[in-house]
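Raw entry_1.tsv, TSV, C-alpha atoms:
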```tsv
chain	number	residue	atom	x	y	z
Y	1	MET	CA	-36.92	32.22	59.13
Y	2	SER	CA	-34.19	29.60	59.44
Y	3	GLU	CA	-31.92	29.34	62.46
Y	4	LYS	CA	-28.95	30.24	60.25
Y	5	MET	CA	-30.53	33.59	59.41
Y	6	LYS	CA	-31.30	34.30	63.09
Y	7	TYR	CA	-27.73	33.62	64.20
Y	8	LYS	CA	-26.15	36.87	65.32
Y	9	THR	CA	-22.43	37.48	65.41
Y	10	LYS	CA	-20.24	40.39	66.43
Y	11	GLN	CA	-19.41	40.96	62.75
Y	12	ARG	CA	-23.09	41.03	61.79
Y	13	GLU	CA	-23.74	43.62	64.47
Y	14	GLU	CA	-20.77	45.71	63.28
Y	15	VAL	CA	-22.09	45.68	59.70
Y	16	LEU	CA	-25.60	46.50	60.87
Y	17	THR	CA	-24.33	49.32	63.12
Y	18	TYR	CA	-22.56	50.90	60.14
Y	19	LEU	CA	-25.60	50.53	57.89
Y	20	LYS	CA	-27.78	52.23	60.49
Y	21	THR	CA	-25.52	55.30	60.25
Y	22	VAL	CA	-26.26	55.60	56.51
Y	23	PRO	CA	-29.97	54.75	56.07
Y	24	GLY	CA	-31.17	55.21	52.51
Y	25	GLN	CA	-27.64	55.51	51.12
Y	26	HIS	CA	-26.23	53.02	48.66
Y	27	VAL	CA	-23.01	51.43	49.87
Y	28	THR	CA	-20.77	48.70	48.53
Y	29	VAL	CA	-18.98	45.95	50.42
Y	30	ALA	CA	-15.76	47.92	49.83
Y	31	ASP	CA	-17.34	50.94	51.58
Y	32	ILE	CA	-18.28	48.79	54.56
Y	33	VAL	CA	-14.85	47.15	54.77
Y	34	ARG	CA	-13.14	50.57	54.53
Y	35	TYR	CA	-15.31	51.92	57.34
Y	36	MET	CA	-14.63	48.87	59.52
Y	37	ARG	CA	-10.87	49.09	59.01
Y	38	ASP	CA	-10.92	52.84	59.75
Y	39	LYS	CA	-12.67	51.98	63.03
Y	40	GLY	CA	-9.97	49.41	63.88
Y	41	SER	CA	-12.04	46.31	63.18
Y	42	SER	CA	-10.29	43.29	61.70
Y	43	VAL	CA	-13.41	42.04	59.89
Y	44	GLY	CA	-12.54	40.60	56.48
Y	45	THR	CA	-14.13	41.22	53.10
Y	46	THR	CA	-15.50	37.67	52.88
Y	47	THR	CA	-17.16	38.05	56.28
Y	48	VAL	CA	-18.76	41.33	55.20
Y	49	TYR	CA	-20.09	39.67	52.03
Y	50	ARG	CA	-21.53	36.81	54.08
Y	51	GLN	CA	-23.15	39.12	56.63
Y	52	ILE	CA	-24.56	41.57	54.08
Y	53	GLU	CA	-26.10	38.72	52.06
Y	54	ARG	CA	-27.75	37.39	55.23
Y	55	LEU	CA	-29.16	40.85	55.89
Y	56	VAL	CA	-30.50	40.88	52.32
Y	57	ASP	CA	-32.11	37.47	52.89
Y	58	GLU	CA	-33.71	38.81	56.08
Y	59	GLY	CA	-35.12	41.82	54.22
Y	60	VAL	CA	-33.16	44.31	56.33
Y	61	VAL	CA	-31.06	45.40	53.35
Y	62	MET	CA	-31.98	45.84	49.68
Y	63	LYS	CA	-29.46	44.74	47.05
Y	64	TYR	CA	-29.05	46.42	43.67
Y	65	ILE	CA	-27.00	44.91	40.85
Y	66	ILE	CA	-26.39	47.52	38.17
Y	67	ASP	CA	-24.29	45.61	35.65
Y	68	ALA	CA	-21.45	43.12	35.37
Y	69	ASN	CA	-18.85	45.90	35.65
Y	70	SER	CA	-20.14	47.53	38.85
Y	71	PRO	CA	-20.14	46.22	42.41
Y	72	ALA	CA	-23.50	45.47	43.98
Y	73	CYS	CA	-24.98	48.29	46.05
Y	74	PHE	CA	-26.76	47.77	49.33
Y	75	VAL	CA	-29.29	49.98	51.12
Y	76	TYR	CA	-30.34	49.62	54.75
Y	77	THR	CA	-34.14	49.68	55.05
Y	78	PRO	CA	-35.16	50.17	58.66
Y	79	GLU	CA	-38.56	48.85	59.71
Y	80	ASN	CA	-41.54	51.09	59.10
Y	81	ASN	CA	-39.52	53.53	56.99
Y	82	VAL	CA	-41.17	53.23	53.60
Y	83	ALA	CA	-39.33	56.24	52.13
Y	84	VAL	CA	-35.93	54.66	52.75
Y	85	GLY	CA	-37.09	51.30	51.43
Y	86	GLU	CA	-38.75	52.70	48.30
Y	87	PRO	CA	-37.32	51.45	45.05
Y	88	CYS	CA	-34.80	53.65	43.39
Y	89	PHE	CA	-33.63	53.83	39.81
Y	90	HIS	CA	-30.08	54.40	38.63
Y	91	CYS	CA	-28.16	56.41	36.06
Y	92	LYS	CA	-24.68	55.30	35.05
Y	93	CYS	CA	-22.16	57.52	33.31
Y	94	GLU	CA	-20.65	55.69	30.36
Y	95	SER	CA	-17.52	57.85	30.54
Y	96	CYS	CA	-16.42	57.69	34.19
Y	97	GLY	CA	-18.70	54.96	35.57
Y	98	LYS	CA	-20.31	57.24	38.17
Y	99	LEU	CA	-23.55	55.81	39.54
Y	100	ILE	CA	-26.38	58.20	40.38
Y	101	HIS	CA	-29.27	56.98	42.50
Y	102	LEU	CA	-32.66	58.40	41.59
Y	103	HIS	CA	-35.64	58.75	43.87
Y	104	CYS	CA	-37.71	60.60	41.29
Y	105	GLU	CA	-41.47	61.08	41.13
Y	106	GLU	CA	-41.42	61.48	37.34
Y	107	ILE	CA	-39.84	58.07	36.87
Y	108	ALA	CA	-42.34	56.60	39.32
Y	109	MET	CA	-45.06	58.09	37.11
Y	110	ILE	CA	-43.51	56.40	34.05
Y	111	GLN	CA	-43.44	53.15	36.03
Y	112	GLY	CA	-47.17	53.58	36.76
Y	113	HIS	CA	-47.90	54.43	33.12
Y	114	LEU	CA	-46.06	51.33	31.88
Y	115	ARG	CA	-48.13	49.14	34.16
Y	116	ALA	CA	-51.51	50.80	33.52
Y	117	GLU	CA	-51.22	51.40	29.79
Y	118	HIS	CA	-48.87	48.65	28.63
Y	119	GLY	CA	-49.27	45.85	31.18
Y	120	PHE	CA	-45.57	45.98	31.98
Y	121	VAL	CA	-44.02	46.06	35.45
Y	122	LEU	CA	-40.68	47.87	35.53
Y	123	ASP	CA	-38.12	46.41	37.97
Y	124	PRO	CA	-36.34	49.35	39.63
Y	125	LYS	CA	-33.63	47.07	41.01
Y	126	ARG	CA	-32.56	46.32	37.44
Y	127	THR	CA	-33.40	49.56	35.65
Y	128	VAL	CA	-30.38	51.62	34.68
Y	129	PHE	CA	-30.31	54.67	32.45
Y	130	TYR	CA	-27.00	55.05	30.62
Y	131	GLY	CA	-25.63	58.40	29.55
Y	132	THR	CA	-23.12	61.05	30.59
Y	133	CYS	CA	-22.86	62.78	33.97
Y	134	ASP	CA	-22.56	66.59	34.23
Y	135	ALA	CA	-18.81	66.49	34.90
Y	136	CYS	CA	-18.04	64.32	31.87
Y	137	ALA	CA	-20.44	66.30	29.67
Y	138	ALA	CA	-18.60	69.50	30.64
Y	139	LEU	CA	-15.26	67.91	29.73
Y	140	GLU	CA	-16.64	66.79	26.36
Y	141	GLU	CA	-17.84	70.34	25.62
Y	142	ARG	CA	-14.32	71.76	25.91
```

Using structure tokens, write down the structure from this file.
Amino acid sequence: MSEKMKYKTKQREEVLTYLKTVPGQHVTVADIVRYMRDKGSSVGTTTVYRQIERLVDEGVVMKYIIDANSPACFVYTPENNVAVGEPCFHCKCESCGKLIHLHCEEIAMIQGHLRAEHGFVLDPKRTVFYGTCDACAALEER
């Protein structure tokens, strides 16, 4: 690990403290900045981006990029907590843009089937199912 990645700042600790309050939840930089400002911190958006990317490089946080129209999501993965750090798949509503995070055994079985039967490794960080969420589907039915 490089010295740059080991360097700890007050802002890094503030970001990490917030992430520890939401283990396993997907958050965006905007969520982190909003939380920090609500707590009275003057940390800027650029600083949060820099700190969160360092945490990704260190393996403390997982980064998910859904598509070019959605902000990256980040998930805190505490040490020795495999369940929190397990890959998750995503569903995106094409109507409202809602992002649903899936930790689903059936999809994990499909992932296993693809590898065993078709020699294909599915990347959960880049797998997105597009469709319509319940709320938008209900509106369309009216």

Distance cut-off 10 Å, centre (-22.9, 59.4, 32.8) in file coordinates, counting all atoms listed in the file: which residues qualify? Return them as a PDB file with C-alpha atoms, keeping the file's coordinate frame.
```pdb
ATOM      1  CA  CYS Y  91     -28.160  56.410  36.060  1.00  0.00           C
ATOM      2  CA  LYS Y  92     -24.680  55.300  35.050  1.00  0.00           C
ATOM      3  CA  CYS Y  93     -22.160  57.520  33.310  1.00  0.00           C
ATOM      4  CA  GLU Y  94     -20.650  55.690  30.360  1.00  0.00           C
ATOM      5  CA  SER Y  95     -17.520  57.850  30.540  1.00  0.00           C
ATOM      6  CA  CYS Y  96     -16.420  57.690  34.190  1.00  0.00           C
ATOM      7  CA  GLY Y  97     -18.700  54.960  35.570  1.00  0.00           C
ATOM      8  CA  LYS Y  98     -20.310  57.240  38.170  1.00  0.00           C
ATOM      9  CA  LEU Y  99     -23.550  55.810  39.540  1.00  0.00           C
ATOM     10  CA  ILE Y 100     -26.380  58.200  40.380  1.00  0.00           C
ATOM     11  CA  PHE Y 129     -30.310  54.670  32.450  1.00  0.00           C
ATOM     12  CA  TYR Y 130     -27.000  55.050  30.620  1.00  0.00           C
ATOM     13  CA  GLY Y 131     -25.630  58.400  29.550  1.00  0.00           C
ATOM     14  CA  THR Y 132     -23.120  61.050  30.590  1.00  0.00           C
ATOM     15  CA  CYS Y 133     -22.860  62.780  33.970  1.00  0.00           C
ATOM     16  CA  ASP Y 134     -22.560  66.590  34.230  1.00  0.00           C
ATOM     17  CA  ALA Y 135     -18.810  66.490  34.900  1.00  0.00           C
ATOM     18  CA  CYS Y 136     -18.040  64.320  31.870  1.00  0.00           C
ATOM     19  CA  ALA Y 137     -20.440  66.300  29.670  1.00  0.00           C
TER      20      ALA Y 137
END
```

Counting all atoms listed in the file, what are the residues of range 32-65 of chain Y within 8 Å of range 116-128 of chain Y, and for each of them which pair of atoms is the nearest and at what distance in Å, to one decimal? Sort the table by chain and rising number, as a tab-separated table.
```
residue	atom	partner	partner_atom	distance
Y:Lys63	CA	Y:Lys125	CA	7.7
Y:Tyr64	CA	Y:Lys125	CA	5.3
Y:Ile65	CA	Y:Arg126	CA	6.7
```

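Using only C-alpha atoms, the shortest contact distance between Met36 in chain Y and any of Y:Val15, Y:Pro23, Y:Ser70, Y:Arg50 is found at Y:Val15.
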
Length of the CA of Leu102 in chain Y to CA of Phe89 in chain Y vector [Å]
5.0 Å

Residues near Gln51 in chain Y, anyone? I mean within 8 Å using all atoms listed in the file, not counting same-chain ones fewer than 2 positions away, as a count of residues only.
9

Tell me, in Å to one decimal, how far CA of Val22 in chain Y is from CA of Val75 in chain Y.
8.4 Å

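Minimum distance to His26 in chain Y across Y:Thr9, Y:Asn69, Y:Thr45, Y:Thr77 (counting all atoms listed in the file) occurs at Y:Thr77.
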
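The gap separating CA of Ala68 in chain Y from CA of Glu140 in chain Y is 25.8 Å, in Å to one decimal.
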
Here is a test: counting all atoms listed in the file, which residue of Y:Val61, Y:Glu14, Y:Glu106, Y:Val29 is nearest to Ser42 in chain Y?
Y:Glu14

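Minimum atom-to-atom distances from Y:Tyr76, Y:Val27, Y:Tyr35, Y:Ala138 to Val56 in chain Y were compared using all atoms listed in the file, and the lowest value belongs to Y:Tyr76.
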
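The smallest atom-to-atom distance between Thr21 in chain Y and any of Y:Pro78, Y:Ile107, Y:Gly44, Y:Asp67, using all atoms listed in the file, is found for Y:Pro78.
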
Where atoms are missing, can you supply N, CA and C atoms for range 56-74 of chain Y and output the lot as a CSV table (one decimal), in the coordinates of the input?
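Okay, selection26.csv is ready:
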```csv
chain,number,residue,atom,x,y,z
Y,56,VAL,N,-29.6,40.8,53.5
Y,56,VAL,CA,-30.5,40.9,52.3
Y,56,VAL,C,-31.6,39.8,52.4
Y,57,ASP,N,-31.2,38.6,52.8
Y,57,ASP,CA,-32.1,37.5,52.9
Y,57,ASP,C,-33.2,37.8,54.0
Y,58,GLU,N,-32.8,38.5,55.0
Y,58,GLU,CA,-33.7,38.8,56.1
Y,58,GLU,C,-34.6,40.0,55.7
Y,59,GLY,N,-34.3,40.7,54.6
Y,59,GLY,CA,-35.1,41.8,54.2
Y,59,GLY,C,-34.7,43.1,54.9
Y,60,VAL,N,-33.6,43.1,55.6
Y,60,VAL,CA,-33.2,44.3,56.3
Y,60,VAL,C,-32.4,45.2,55.4
Y,61,VAL,N,-31.9,44.7,54.3
Y,61,VAL,CA,-31.1,45.4,53.4
Y,61,VAL,C,-31.6,45.1,52.0
Y,62,MET,N,-31.6,46.1,51.1
Y,62,MET,CA,-32.0,45.8,49.7
Y,62,MET,C,-30.7,45.8,48.9
Y,63,LYS,N,-30.6,44.9,47.9
Y,63,LYS,CA,-29.5,44.7,47.0
Y,63,LYS,C,-29.8,45.2,45.6
Y,64,TYR,N,-28.9,46.0,45.1
Y,64,TYR,CA,-29.0,46.4,43.7
Y,64,TYR,C,-27.8,46.0,42.9
Y,65,ILE,N,-28.1,45.3,41.8
Y,65,ILE,CA,-27.0,44.9,40.8
Y,65,ILE,C,-27.2,45.7,39.6
Y,66,ILE,N,-26.3,46.6,39.3
Y,66,ILE,CA,-26.4,47.5,38.2
Y,66,ILE,C,-26.0,46.8,36.9
Y,67,ASP,N,-24.8,46.3,36.8
Y,67,ASP,CA,-24.3,45.6,35.6
Y,67,ASP,C,-23.1,44.8,36.0
Y,68,ALA,N,-22.6,44.0,35.1
Y,68,ALA,CA,-21.4,43.1,35.4
Y,68,ALA,C,-20.2,43.9,35.7
Y,69,ASN,N,-20.1,45.1,35.4
Y,69,ASN,CA,-18.8,45.9,35.6
Y,69,ASN,C,-18.9,46.7,36.9
Y,70,SER,N,-20.0,46.7,37.7
Y,70,SER,CA,-20.1,47.5,38.8
Y,70,SER,C,-20.4,46.6,40.1
Y,71,PRO,N,-19.9,47.0,41.2
Y,71,PRO,CA,-20.1,46.2,42.4
Y,71,PRO,C,-21.6,46.4,42.8
Y,72,ALA,N,-22.1,45.4,43.5
Y,72,ALA,CA,-23.5,45.5,44.0
Y,72,ALA,C,-23.6,46.6,45.0
Y,73,CYS,N,-24.7,47.3,45.1
Y,73,CYS,CA,-25.0,48.3,46.0
Y,73,CYS,C,-26.0,47.8,47.0
Y,74,PHE,N,-25.9,48.2,48.3
Y,74,PHE,CA,-26.8,47.8,49.3
Y,74,PHE,C,-27.3,49.0,50.0
```
